[in-house]
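To start, the structure itself, in structure tokens.
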Amino acid sequence: MSDKICYHCGLDCGKNPVEFNDKCFCCNGCKTVYEILNQNELSCYYDLDQTPGTIPKEIQGKFDYLNNPDISDKLIEFSDGTTSVVEFLIPSIHCSACIWVLENLGTLNPAIINSIVNFPNKTVRINFKAEEVSLKDVVELLASIAYEPYISLEDADKTAKNKINKTLLYQLGVAAFGFGNIMLLAFPEYFETEGYWFNHFKYMFRWMMLILAIPVVVYSAKDYFITAYKGLSKKILSVDVPIALGVIVLFLRSSYEVITDIGPGYFDSLTGLIFFLLIGKFFQQKTYNFLSFERDYRSYFPIAVTKIVAGKEESVPVQDIKEGDRLLIRNEELIPIDAILINGDGLLDYSFVTGESVPVYKGTGDKVFAGGKQTGGAIEIDVINKMSESYLTELWSNDIFNKDIPKKNIKNLTDTISRYFTITIISIALIAGAFWAFKDIGIAASVITAVLIIACPCALALAAPFAMGNMLRIFGYRKFYLKNDAVIEEMSKINHIVFDKTGTITTNEDNQLTYEGKPLTDKEKVALKILIRSSNHPLSRSLNKYIEVDIQSGKIENYKEIVGKGITGTVDLNEIKIGSAQFVGAEAKTNLSTTIYIKINKEVKGFYKSKNIYRKNVASIFSDLEKHYKLSILSGDNEGEKSYLQSILPDKTNYFFNQKPQDKLDYIKKLQDKGENIMMVGDGLNDAGALAQSNVGIAISEDINVFSPACDGILDAKLFKKLPNFLTLSKQTINTIKWSFGLSFLYNIIGMYFAVTAQLTPLIAAILMPLSSISIVIFVTLITNIIANKR
């Protein structure tokens with residue numbers, strides 16, 4: 001055995017150690033991990049443990065049960081044999097430093113593809129390579145860096161949340177006990193009485209106060225110290241830094257007075273400070289839960305899926321899906337729930353789940369996971385699990401699909417203000433303390449603590465998330481569902497709105513179709529219906545309803561849908577093409593309406609002519625929007641209805657027809673290059689590129705599954721007329737946040753004045769600080785509710 005120990009894992013390096021950067025490693029694997037950490041500025045990982053590469057003894061064998069497939073399968077949300085996805089509740093997540101560490105797990109273990117933290121829910125979602133690392137390995141890694149996940153196979157979410165709340169209650173209880181008893185023990189000191197009993201017992205009372213204060217500082221206030229330390233270690237100046245400093249200054253000064261027998265100290269103020277801080281934290285948490293930031297309003301999710309009942313197809317909301325239901329999944333539709341493939345060939349794109357876009361083939365009898373998108377012909381699946389809209393929401397909110405957020409936004413502004421404001425607070429506290437130290441060191445300690453507490457920018461930090469979170473909740477109740485609160489701010493900046501025509505400003509419910517051409521036989525109609533049944537385009541769905549024939553069986557081969565052109569495929573040896581005249585190779589007969597040409601076995605049979613039915617109040621909606629926004633319409637159809645649109649819509653509306661998906665995307669990009677902020681309103685399926693390119697992409701949901709990562713919001717088609725109101729509310733929400741910023745600054749300036757002039761004690765500051773935070777939360781919540789009710 002050699003004398004050299006591996007720097008990474010702590011094992012003996014043997015006779016042939018690997019040396020790198022003046023350090024010894026037992027193998028190239030440990031050396032590689034060390035290099036990755038260094039290259040990604042994560043060498044602080046070794047500060048957590050001298051040999052972090054080895055599994056700590058206290059957790060060795062603790063998670064062996066995760067090697068049992070029956071258990072691991074219950075925890076893993078998705079697995080295709082190559083990539084697995086799991087989500088864990090991490091109770092110890094409490095600051096931005098935690099987020100930073102957990103979202104860099106891939107640098108600690110290269111087999112972890114990515115990890116995304118949901119801070120409000122205290123969860124981390126991990127994608128990992130199942131062939132290279134096991135679920136047990138992932139959990140052990142988390143536990144080894146002090147982020148052990150809470151794992152429960154039965155009602156884990158509810159149990160864990162109760163556990164987290166109890167921790168805060170325990171801390172609050174300890175603080176209340178210490179504060180109450182210290183106030184009683186300090187009571188004689190307030191009157192400065194002289195007498196035998198007071199002089200005889202005051203020393204004991206002071207030491208009792210010191211002893212009672214220790215658990216309050218060590219246990220009840222520990223989260224403030226941990227957050228401050230982790231933030232500073234990552235060069236992050238969090239708002240907990242001044243609070244932690246204030247507590248430390250007050251505790252050290254009070255301890256010094258008691259130990260040197262020069263005074264009683266300020267233990268009553270210290271424990272009162274911590275108690276009232278925790279009271280504020282408790283009420284903030286209760287308010288946070290009340291506002292449903294965890295999106296408990298998912299039952300309003302305006303998404304539908306096609307259910308097959310007794311051979312007939314009907315559209316039902318996703319929340320009504322039950323175990324045993326048979327669903328029809330068309331081309332480009334999302335599988336909303338785990339199921340077994342019963343009919344058809346599945347070619348599933350799981351990029352929605354994993355970020356990887358390579359399609360996975362699934363045959364009859366195979367299990368398919370929620371989140372997969374079918375990229376071929378229609379398939380039928382049997383549901384095997386309960387519906388979980390929360391899973392779809394988590395997928396939609398996945399950072400993989402979030403657009404780049406501009407640097408100049410409310411969140412970044414708040415973070416910047418908070419950071420510099422914290423530096424300013426500390427500077428003012430030190431200057432004021434130095435001034436008072438020449439007169440009275442006790443007053444100096446009190447002034448420093450009062451300044452650090454009263455000027456804490458907590459209210460400033462809470463204003464934006466509570467205002468936008470509450471409006472997000474209100475939008476959800478009104479069936480306008482946004483991906484996240486950042487979309488509200490982007491909506492407030494919009495100055496140009498681009499609309500798709502078909503399926504957006506037109507409705508699919510009452511399309512009037514007529515057929516012109518050679519009569520189709522019943523066999524040809526059946527083959528045609530089987531093919532168009534696989535398509536999700538609004539015109540295909542209208543045509544599917546129009547052709548009234550029974551489908552007994554029929555297999556589609558070589559199915560292909562070319563966006564903006566048409567569909568091709570072979571059904572029972574019949575080669576069929578459906579789409580534009582150019583696509584099927586026919587001579588266009590008319591330019592006055594939307595046409596769908598039919599070609600069967602290389603013979604053009606004729607075409608279906610569609611007369612669009614426009615949504616009610618579309619003219620008044622555009623009239624309202626024109627007052628504040630530029631308007632454009634992009635359509636893949638011909639100009640047949642241009643004159644009609646010009647007669648009902650505002651004169652300054654821009655019209656572009658015969659637009660391919662790429663044309664729409666390029667148009668939006670061109671406008672953005674000119675400095676315009678674009679909202680694209682489309683059907684969510686055929687406008688995916690344009691929706692993704694726009695600053696805000698809104699999908700209109702009628703009776704189809706438009707759940708797509710390309711859009712930022714989903715609006716129930718019945719509420720299309722409310723679009724101007726939602727845009728106005730987004731602007732008013734941002735204005736409310738700005739007003740709350742002003743109130744918060746005013747409060748901090750006034751508070752600092754009284755603290756610096758020694759007119760404000762730490763105890764009063766501790767009472768006022770959480771009250772200011774709660775008042776700001778109440779203010780933004782009330783204002784957002786008031787402006788919403790007016791709309």
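Chain labels follow the order of the structure tokens: the first chain is A, the next B, and so on; residue numbering restarts at 1 in every chain, and ligands are counted from 1 in their shown order.
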Alpha helix (DSSP H) positions in stretch 484-555 of chain A, given as a list in words: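 In stretch 484-555 of chain A, DSSP puts these residues in alpha helix (DSSP H): Ala486, Val487, Ile488, Glu489, Glu490, Met491, Ser492, Asp522, Lys523, Glu524, Lys525, Val526, Ala527, Leu528, Lys529, Ile530, Leu531, Ile532, Pro538, Leu539, Ser540, Arg541, Ser542, Leu543, Asn544, Lys545 and Tyr546 of chain A.
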Same residues, N, CA and C atoms, saved as a short mmCIF file (atom, residue, chain, number, x, y, z; two decimals), in the first residue's frame:
data_model
loop_
_atom_site.label_atom_id
_atom_site.label_comp_id
_atom_site.auth_asym_id
_atom_site.auth_seq_id
_atom_site.Cartn_x
_atom_site.Cartn_y
_atom_site.Cartn_z
N ALA A 486 -42.77 35.16 -16.42
CA ALA A 486 -41.97 36.02 -17.30
C ALA A 486 -42.74 36.41 -18.56
N VAL A 487 -43.72 35.59 -18.96
CA VAL A 487 -44.52 35.87 -20.16
C VAL A 487 -45.36 37.13 -19.95
N ILE A 488 -45.81 37.35 -18.71
CA ILE A 488 -46.62 38.54 -18.43
C ILE A 488 -45.82 39.80 -18.74
N GLU A 489 -44.57 39.82 -18.31
CA GLU A 489 -43.74 40.99 -18.57
C GLU A 489 -43.49 41.18 -20.07
N GLU A 490 -43.26 40.07 -20.78
CA GLU A 490 -43.04 40.17 -22.23
C GLU A 490 -44.30 40.66 -22.93
N MET A 491 -45.46 40.23 -22.46
CA MET A 491 -46.72 40.70 -23.05
C MET A 491 -46.88 42.21 -22.89
N SER A 492 -46.40 42.74 -21.77
CA SER A 492 -46.54 44.18 -21.53
C SER A 492 -45.69 45.01 -22.49
N ASP A 522 -67.51 4.79 -52.30
CA ASP A 522 -67.48 4.60 -50.85
C ASP A 522 -66.12 4.09 -50.39
N LYS A 523 -65.50 3.23 -51.21
CA LYS A 523 -64.18 2.69 -50.86
C LYS A 523 -63.13 3.81 -50.84
N GLU A 524 -63.24 4.71 -51.82
CA GLU A 524 -62.30 5.83 -51.88
C GLU A 524 -62.52 6.80 -50.72
N LYS A 525 -63.79 7.00 -50.35
CA LYS A 525 -64.08 7.87 -49.20
C LYS A 525 -63.53 7.29 -47.90
N VAL A 526 -63.63 5.97 -47.75
CA VAL A 526 -63.10 5.31 -46.55
C VAL A 526 -61.59 5.49 -46.48
N ALA A 527 -60.92 5.24 -47.62
CA ALA A 527 -59.46 5.39 -47.66
C ALA A 527 -59.05 6.83 -47.39
N LEU A 528 -59.81 7.77 -47.95
CA LEU A 528 -59.53 9.19 -47.75
C LEU A 528 -59.71 9.58 -46.28
N LYS A 529 -60.78 9.08 -45.67
CA LYS A 529 -61.06 9.40 -44.26
C LYS A 529 -60.00 8.81 -43.34
N ILE A 530 -59.54 7.59 -43.64
CA ILE A 530 -58.49 6.97 -42.83
C ILE A 530 -57.22 7.80 -42.87
N LEU A 531 -56.90 8.36 -44.04
CA LEU A 531 -55.68 9.14 -44.17
C LEU A 531 -55.79 10.49 -43.45
N ILE A 532 -56.88 11.22 -43.70
CA ILE A 532 -56.99 12.55 -43.09
C ILE A 532 -57.24 12.47 -41.59
N PRO A 538 -56.48 22.03 -39.09
CA PRO A 538 -57.90 22.38 -38.97
C PRO A 538 -58.74 21.96 -40.18
N LEU A 539 -58.21 22.12 -41.39
CA LEU A 539 -58.97 21.73 -42.58
C LEU A 539 -59.14 20.21 -42.66
N SER A 540 -58.11 19.47 -42.24
CA SER A 540 -58.21 18.01 -42.23
C SER A 540 -59.28 17.56 -41.25
N ARG A 541 -59.32 18.20 -40.11
CA ARG A 541 -60.32 17.83 -39.10
C ARG A 541 -61.74 18.17 -39.58
N SER A 542 -61.88 19.30 -40.27
CA SER A 542 -63.20 19.65 -40.83
C SER A 542 -63.62 18.64 -41.89
N LEU A 543 -62.67 18.25 -42.75
CA LEU A 543 -62.96 17.29 -43.81
C LEU A 543 -63.28 15.92 -43.22
N ASN A 544 -62.62 15.56 -42.13
CA ASN A 544 -62.86 14.28 -41.47
C ASN A 544 -64.30 14.21 -40.97
N LYS A 545 -64.81 15.34 -40.44
CA LYS A 545 -66.20 15.38 -39.99
C LYS A 545 -67.18 15.36 -41.16
N TYR A 546 -66.78 15.98 -42.25
CA TYR A 546 -67.67 16.12 -43.41
C TYR A 546 -67.90 14.77 -44.11
#
Please tabulate, as CSV, the residues of stretch 469-544 of chain A that come within 6 Å of stretch 620-635 of chain A, each with its closest pair of atoms and the distance in Å to one decimal, counting only C-alpha atoms and ordering rows by chain, then residue number upward.
residue,atom,partner,partner_atom,distance
A:Asn495,CA,A:Tyr629,CA,4.9
A:His496,CA,A:Lys630,CA,4.5
A:Ile497,CA,A:Leu631,CA,5.1
A:Val498,CA,A:Ser632,CA,4.7
A:Phe499,CA,A:Ile633,CA,4.8
A:Asp500,CA,A:Leu634,CA,5.1
A:Lys501,CA,A:Ser635,CA,5.4
Selection: 12 Å around A:Ile182, only C-alpha atoms, excl. self and same-chain fewer than 4 positions, as a ChimeraX atom specification: /A:175-178,186-189,205-214,216,264-272
Keeping only N, CA and C atoms, write those residues as a compact mmCIF listing (two decimals), in the first residue's frame.
# COMPACT_ATOMS: atom_id res chain seq x y z
N ALA A 175 -38.06 29.82 19.04
CA ALA A 175 -37.87 31.27 19.15
C ALA A 175 -38.90 31.89 20.09
N ALA A 176 -40.16 31.43 20.01
CA ALA A 176 -41.20 31.96 20.88
C ALA A 176 -40.91 31.63 22.35
N PHE A 177 -40.47 30.39 22.60
CA PHE A 177 -40.15 29.98 23.97
C PHE A 177 -39.00 30.82 24.53
N GLY A 178 -37.94 30.97 23.74
CA GLY A 178 -36.79 31.75 24.19
C GLY A 178 -37.15 33.22 24.39
N ALA A 186 -35.80 39.50 31.82
CA ALA A 186 -35.26 40.85 31.64
C ALA A 186 -36.17 41.92 32.24
N PHE A 187 -37.36 41.51 32.66
CA PHE A 187 -38.34 42.48 33.15
C PHE A 187 -37.80 43.37 34.27
N PRO A 188 -37.13 42.81 35.30
CA PRO A 188 -36.61 43.68 36.38
C PRO A 188 -35.57 44.69 35.88
N GLU A 189 -34.85 44.31 34.79
CA GLU A 189 -33.81 45.21 34.28
C GLU A 189 -34.43 46.48 33.69
N PHE A 205 -29.98 35.51 36.28
CA PHE A 205 -30.96 35.80 35.23
C PHE A 205 -30.27 36.11 33.90
N ARG A 206 -29.19 36.88 33.96
CA ARG A 206 -28.48 37.24 32.74
C ARG A 206 -27.87 36.01 32.06
N TRP A 207 -27.30 35.12 32.87
CA TRP A 207 -26.73 33.89 32.29
C TRP A 207 -27.83 32.97 31.75
N MET A 208 -28.97 32.97 32.40
CA MET A 208 -30.10 32.18 31.90
C MET A 208 -30.57 32.73 30.55
N MET A 209 -30.56 34.08 30.43
CA MET A 209 -30.94 34.69 29.15
C MET A 209 -29.96 34.30 28.05
N LEU A 210 -28.67 34.27 28.39
CA LEU A 210 -27.66 33.87 27.42
C LEU A 210 -27.88 32.43 26.98
N ILE A 211 -28.14 31.56 27.94
CA ILE A 211 -28.35 30.13 27.63
C ILE A 211 -29.60 29.95 26.78
N LEU A 212 -30.66 30.67 27.12
CA LEU A 212 -31.91 30.56 26.34
C LEU A 212 -31.74 31.12 24.93
N ALA A 213 -30.87 32.10 24.76
CA ALA A 213 -30.68 32.73 23.44
C ALA A 213 -29.90 31.83 22.49
N ILE A 214 -29.07 30.95 23.03
CA ILE A 214 -28.22 30.11 22.18
C ILE A 214 -29.03 29.23 21.23
N VAL A 216 -32.02 29.65 20.18
CA VAL A 216 -32.76 30.52 19.27
C VAL A 216 -31.86 30.95 18.11
N PRO A 264 -26.83 43.71 30.96
CA PRO A 264 -27.68 42.55 30.64
C PRO A 264 -27.67 42.15 29.17
N GLY A 265 -27.11 43.01 28.32
CA GLY A 265 -27.13 42.70 26.89
C GLY A 265 -28.48 43.02 26.26
N TYR A 266 -28.65 42.51 25.06
CA TYR A 266 -29.88 42.78 24.30
C TYR A 266 -30.54 41.48 23.84
N PHE A 267 -30.54 40.48 24.73
CA PHE A 267 -31.08 39.17 24.35
C PHE A 267 -32.58 39.22 24.08
N ASP A 268 -33.28 40.14 24.78
CA ASP A 268 -34.72 40.28 24.51
C ASP A 268 -34.94 40.78 23.08
N SER A 269 -34.16 41.77 22.67
CA SER A 269 -34.27 42.29 21.30
C SER A 269 -33.83 41.25 20.29
N LEU A 270 -32.77 40.50 20.62
CA LEU A 270 -32.23 39.49 19.71
C LEU A 270 -33.25 38.39 19.44
N THR A 271 -33.79 37.80 20.50
CA THR A 271 -34.76 36.70 20.31
C THR A 271 -36.07 37.23 19.73
N GLY A 272 -36.44 38.45 20.10
CA GLY A 272 -37.64 39.04 19.49
C GLY A 272 -37.46 39.27 18.01
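The residue that comes closest to A:Met752, out of A:Gly371, A:Val174, A:Ala455, A:Lys669 and on the basis of only C-alpha atoms, is A:Ala455.
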Pairwise distance for atom CA of A:Asp687 and atom CA of A:Pro359, rounded to one decimal in Å: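 Distance reported for this atom pair: 20.8 Å.
Within the 6 Å cut-off around A:Ile578, using only C-alpha atoms and omitting residues fewer than 4 positions from it on the same chain, the listed residues are Gly566, Ile567, Tyr597 and Ile598 of chain A.
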Counting only C-alpha atoms, the option among A:Ile126, A:Leu347, A:Met471, A:Phe745 closest to A:Phe421: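 Looking at the shortest contact to A:Phe421, the residue is A:Phe745.
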Every residue of stretch 429-582 of chain A that DSSP places in strand (DSSP E or B), as a ChimeraX atom specification: /A:480-482,496-500,506-517,556-562,566-571,574-579
Store the residues of this selection in a file with N, CA and C atoms, as a CSV table (one decimal), in the first residue's frame.
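Dumped to result.csv:
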chain,number,residue,atom,x,y,z
A,480,PHE,N,-56.8,31.4,-19.6
A,480,PHE,CA,-55.7,31.9,-20.4
A,480,PHE,C,-54.4,31.4,-19.6
A,481,TYR,N,-53.8,30.4,-20.1
A,481,TYR,CA,-52.8,29.7,-19.4
A,481,TYR,C,-51.4,30.0,-19.9
A,482,LEU,N,-50.6,30.6,-19.0
A,482,LEU,CA,-49.2,31.0,-19.4
A,482,LEU,C,-48.2,30.0,-18.9
A,496,HIS,N,-46.6,44.8,-31.6
A,496,HIS,CA,-47.1,44.3,-32.9
A,496,HIS,C,-47.6,42.9,-32.7
A,497,ILE,N,-48.9,42.7,-33.2
A,497,ILE,CA,-49.5,41.3,-33.0
A,497,ILE,C,-49.7,40.7,-34.4
A,498,VAL,N,-49.2,39.5,-34.6
A,498,VAL,CA,-49.4,38.8,-35.9
A,498,VAL,C,-50.3,37.6,-35.7
A,499,PHE,N,-51.3,37.5,-36.5
A,499,PHE,CA,-52.3,36.5,-36.4
A,499,PHE,C,-52.2,35.5,-37.6
A,500,ASP,N,-52.4,34.2,-37.3
A,500,ASP,CA,-52.6,33.2,-38.3
A,500,ASP,C,-54.1,33.3,-38.7
A,506,THR,N,-60.5,32.2,-37.6
A,506,THR,CA,-61.6,31.4,-38.1
A,506,THR,C,-61.9,30.3,-37.1
A,507,THR,N,-63.1,29.8,-37.1
A,507,THR,CA,-63.5,28.7,-36.3
A,507,THR,C,-63.6,27.4,-37.1
A,508,ASN,N,-63.3,26.3,-36.5
A,508,ASN,CA,-63.4,25.0,-37.2
A,508,ASN,C,-64.7,24.3,-37.0
A,509,GLU,N,-65.6,24.9,-36.2
A,509,GLU,CA,-66.8,24.2,-35.8
A,509,GLU,C,-67.9,24.2,-36.9
A,510,ASP,N,-67.9,25.3,-37.7
A,510,ASP,CA,-69.0,25.4,-38.7
A,510,ASP,C,-68.5,25.6,-40.1
A,511,ASN,N,-67.4,25.0,-40.4
A,511,ASN,CA,-66.9,25.2,-41.8
A,511,ASN,C,-67.8,24.6,-42.8
A,512,GLN,N,-68.1,25.4,-43.9
A,512,GLN,CA,-69.0,24.9,-44.9
A,512,GLN,C,-68.2,24.3,-46.1
A,513,LEU,N,-68.3,23.0,-46.3
A,513,LEU,CA,-67.6,22.3,-47.3
A,513,LEU,C,-68.5,21.8,-48.4
A,514,THR,N,-68.0,22.0,-49.7
A,514,THR,CA,-68.7,21.4,-50.8
A,514,THR,C,-67.7,20.7,-51.7
A,515,TYR,N,-68.1,19.7,-52.4
A,515,TYR,CA,-67.2,18.9,-53.3
A,515,TYR,C,-67.5,19.2,-54.7
A,516,GLU,N,-66.4,19.4,-55.5
A,516,GLU,CA,-66.6,19.5,-57.0
A,516,GLU,C,-65.6,18.6,-57.7
A,517,GLY,N,-66.1,17.8,-58.6
A,517,GLY,CA,-65.2,16.9,-59.4
A,517,GLY,C,-65.9,15.5,-59.6
A,556,ILE,N,-52.4,2.5,-42.8
A,556,ILE,CA,-51.7,3.6,-43.5
A,556,ILE,C,-50.2,3.2,-43.6
A,557,GLU,N,-49.7,3.4,-44.8
A,557,GLU,CA,-48.3,3.2,-45.1
A,557,GLU,C,-47.7,4.4,-45.7
A,558,ASN,N,-46.4,4.7,-45.4
A,558,ASN,CA,-45.7,5.8,-46.0
A,558,ASN,C,-46.4,7.2,-45.7
A,559,TYR,N,-47.0,7.3,-44.5
A,559,TYR,CA,-47.7,8.5,-44.2
A,559,TYR,C,-46.7,9.7,-44.1
A,560,LYS,N,-47.0,10.8,-44.7
A,560,LYS,CA,-46.2,12.0,-44.6
A,560,LYS,C,-47.0,13.2,-44.7
A,561,GLU,N,-46.8,14.1,-43.8
A,561,GLU,CA,-47.5,15.4,-43.8
A,561,GLU,C,-46.5,16.5,-44.0
A,562,ILE,N,-46.7,17.3,-45.0
A,562,ILE,CA,-45.8,18.4,-45.3
A,562,ILE,C,-46.5,19.7,-44.9
A,566,GLY,N,-49.6,19.6,-47.8
A,566,GLY,CA,-50.6,18.6,-47.8
A,566,GLY,C,-50.1,17.3,-47.2
A,567,ILE,N,-50.9,16.2,-47.5
A,567,ILE,CA,-50.7,14.9,-46.9
A,567,ILE,C,-50.5,13.9,-48.0
A,568,THR,N,-49.7,12.9,-47.8
A,568,THR,CA,-49.6,11.8,-48.7
A,568,THR,C,-49.4,10.5,-47.9
A,569,GLY,N,-49.9,9.4,-48.5
A,569,GLY,CA,-49.9,8.1,-47.9
A,569,GLY,C,-50.6,7.0,-48.7
A,570,THR,N,-50.4,5.8,-48.3
A,570,THR,CA,-51.0,4.7,-49.0
A,570,THR,C,-52.0,4.0,-48.0
A,571,VAL,N,-53.2,3.8,-48.4
A,571,VAL,CA,-54.2,3.2,-47.6
A,571,VAL,C,-54.8,2.0,-48.4
A,574,ASN,N,-54.2,2.0,-52.0
A,574,ASN,CA,-54.6,3.2,-52.7
A,574,ASN,C,-53.6,4.4,-52.3
A,575,GLU,N,-52.9,4.9,-53.4
A,575,GLU,CA,-51.9,6.0,-53.1
A,575,GLU,C,-52.7,7.3,-53.2
A,576,ILE,N,-52.7,8.0,-52.1
A,576,ILE,CA,-53.5,9.2,-52.0
A,576,ILE,C,-52.6,10.4,-51.7
A,577,LYS,N,-53.0,11.5,-52.3
A,577,LYS,CA,-52.4,12.8,-52.1
A,577,LYS,C,-53.5,13.8,-51.8
A,578,ILE,N,-53.4,14.6,-50.7
A,578,ILE,CA,-54.4,15.6,-50.4
A,578,ILE,C,-53.7,16.9,-50.1
A,579,GLY,N,-54.2,18.0,-50.6
A,579,GLY,CA,-53.6,19.3,-50.3
A,579,GLY,C,-53.8,20.4,-51.4
Near A:Ile243, within 9 Å and counting only C-alpha atoms, which residues show up once chain neighbours fewer than 3 positions away are dropped, as a PDB file with N, CA, C and O atoms, in the first residue's frame?
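In the end it all went to part05.pdb:
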ATOM      1  N   TYR A 224     -30.897  31.599   8.012  1.00  0.00           N
ATOM      2  CA  TYR A 224     -30.331  32.873   7.578  1.00  0.00           C
ATOM      3  C   TYR A 224     -28.809  32.782   7.468  1.00  0.00           C
ATOM      4  O   TYR A 224     -28.215  33.317   6.534  1.00  0.00           O
ATOM      5  N   PHE A 225     -28.192  32.072   8.412  1.00  0.00           N
ATOM      6  CA  PHE A 225     -26.740  31.906   8.365  1.00  0.00           C
ATOM      7  C   PHE A 225     -26.320  31.038   7.186  1.00  0.00           C
ATOM      8  O   PHE A 225     -25.347  31.335   6.486  1.00  0.00           O
ATOM      9  N   ALA A 228     -26.800  32.937   3.894  1.00  0.00           N
ATOM     10  CA  ALA A 228     -25.791  33.981   3.765  1.00  0.00           C
ATOM     11  C   ALA A 228     -24.421  33.391   3.444  1.00  0.00           C
ATOM     12  O   ALA A 228     -23.703  33.884   2.563  1.00  0.00           O
ATOM     13  N   VAL A 239     -30.126  38.722   0.329  1.00  0.00           N
ATOM     14  CA  VAL A 239     -30.755  39.627   1.294  1.00  0.00           C
ATOM     15  C   VAL A 239     -30.648  39.109   2.712  1.00  0.00           C
ATOM     16  O   VAL A 239     -30.940  39.842   3.672  1.00  0.00           O
ATOM     17  N   ASP A 240     -30.239  37.842   2.893  1.00  0.00           N
ATOM     18  CA  ASP A 240     -30.078  37.286   4.236  1.00  0.00           C
ATOM     19  C   ASP A 240     -28.765  37.709   4.886  1.00  0.00           C
ATOM     20  O   ASP A 240     -28.584  37.515   6.089  1.00  0.00           O
ATOM     21  N   GLY A 246     -26.642  41.213  11.472  1.00  0.00           N
ATOM     22  CA  GLY A 246     -27.319  41.865  12.590  1.00  0.00           C
ATOM     23  C   GLY A 246     -27.465  40.936  13.778  1.00  0.00           C
ATOM     24  O   GLY A 246     -27.243  41.332  14.932  1.00  0.00           O
ATOM     25  N   VAL A 247     -27.858  39.697  13.512  1.00  0.00           N
ATOM     26  CA  VAL A 247     -28.009  38.701  14.585  1.00  0.00           C
ATOM     27  C   VAL A 247     -26.665  38.435  15.259  1.00  0.00           C
ATOM     28  O   VAL A 247     -26.566  38.374  16.496  1.00  0.00           O
ATOM     29  N   ILE A 248     -25.624  38.275  14.450  1.00  0.00           N
ATOM     30  CA  ILE A 248     -24.289  38.002  15.005  1.00  0.00           C
ATOM     31  C   ILE A 248     -23.796  39.160  15.865  1.00  0.00           C
ATOM     32  O   ILE A 248     -23.305  38.965  16.980  1.00  0.00           O
ATOM     33  N   THR A 449     -27.471  46.877  14.166  1.00  0.00           N
ATOM     34  CA  THR A 449     -28.477  45.820  13.982  1.00  0.00           C
ATOM     35  C   THR A 449     -29.775  46.380  13.427  1.00  0.00           C
ATOM     36  O   THR A 449     -30.373  45.807  12.506  1.00  0.00           O
ATOM     37  N   LEU A 452     -29.410  47.202   9.691  1.00  0.00           N
ATOM     38  CA  LEU A 452     -29.333  45.988   8.861  1.00  0.00           C
ATOM     39  C   LEU A 452     -30.689  45.319   8.705  1.00  0.00           C
ATOM     40  O   LEU A 452     -31.005  44.760   7.654  1.00  0.00           O
ATOM     41  N   ILE A 453     -31.511  45.391   9.759  1.00  0.00           N
ATOM     42  CA  ILE A 453     -32.808  44.714   9.723  1.00  0.00           C
ATOM     43  C   ILE A 453     -33.863  45.556   9.001  1.00  0.00           C
ATOM     44  O   ILE A 453     -34.543  45.092   8.091  1.00  0.00           O
ATOM     45  N   CYS A 456     -33.601  45.897   5.134  1.00  0.00           N
ATOM     46  CA  CYS A 456     -33.520  44.676   4.317  1.00  0.00           C
ATOM     47  C   CYS A 456     -34.497  44.758   3.142  1.00  0.00           C
ATOM     48  O   CYS A 456     -35.686  45.032   3.352  1.00  0.00           O
TER      49      CYS A 456
END
Polymer residues at most 6 Å from stretch 316-329 of chain A, only C-alpha atoms, same-chain spacing of 4 or more positions, as a VMD selection string: chain A and resid 303 to 308 333 378 to 386
Long-range neighbours of A:Val360 as a PyMOL selection string, 9 Å cut-off, only C-alpha atoms, 2 positions minimum in chain: chain A and resi 80+346-350+358+362
Straight-line distance linking atom CA of A:Glu87 with atom CA of A:Asn114, stated in Å to one decimal: 11.9 Å
Atomic distance atom CA of A:Ala437 - atom CA of A:Lys202, expressed in Å with one decimal: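 Between atom CA of A:Ala437 and atom CA of A:Lys202 the gap works out to 26.3 Å.
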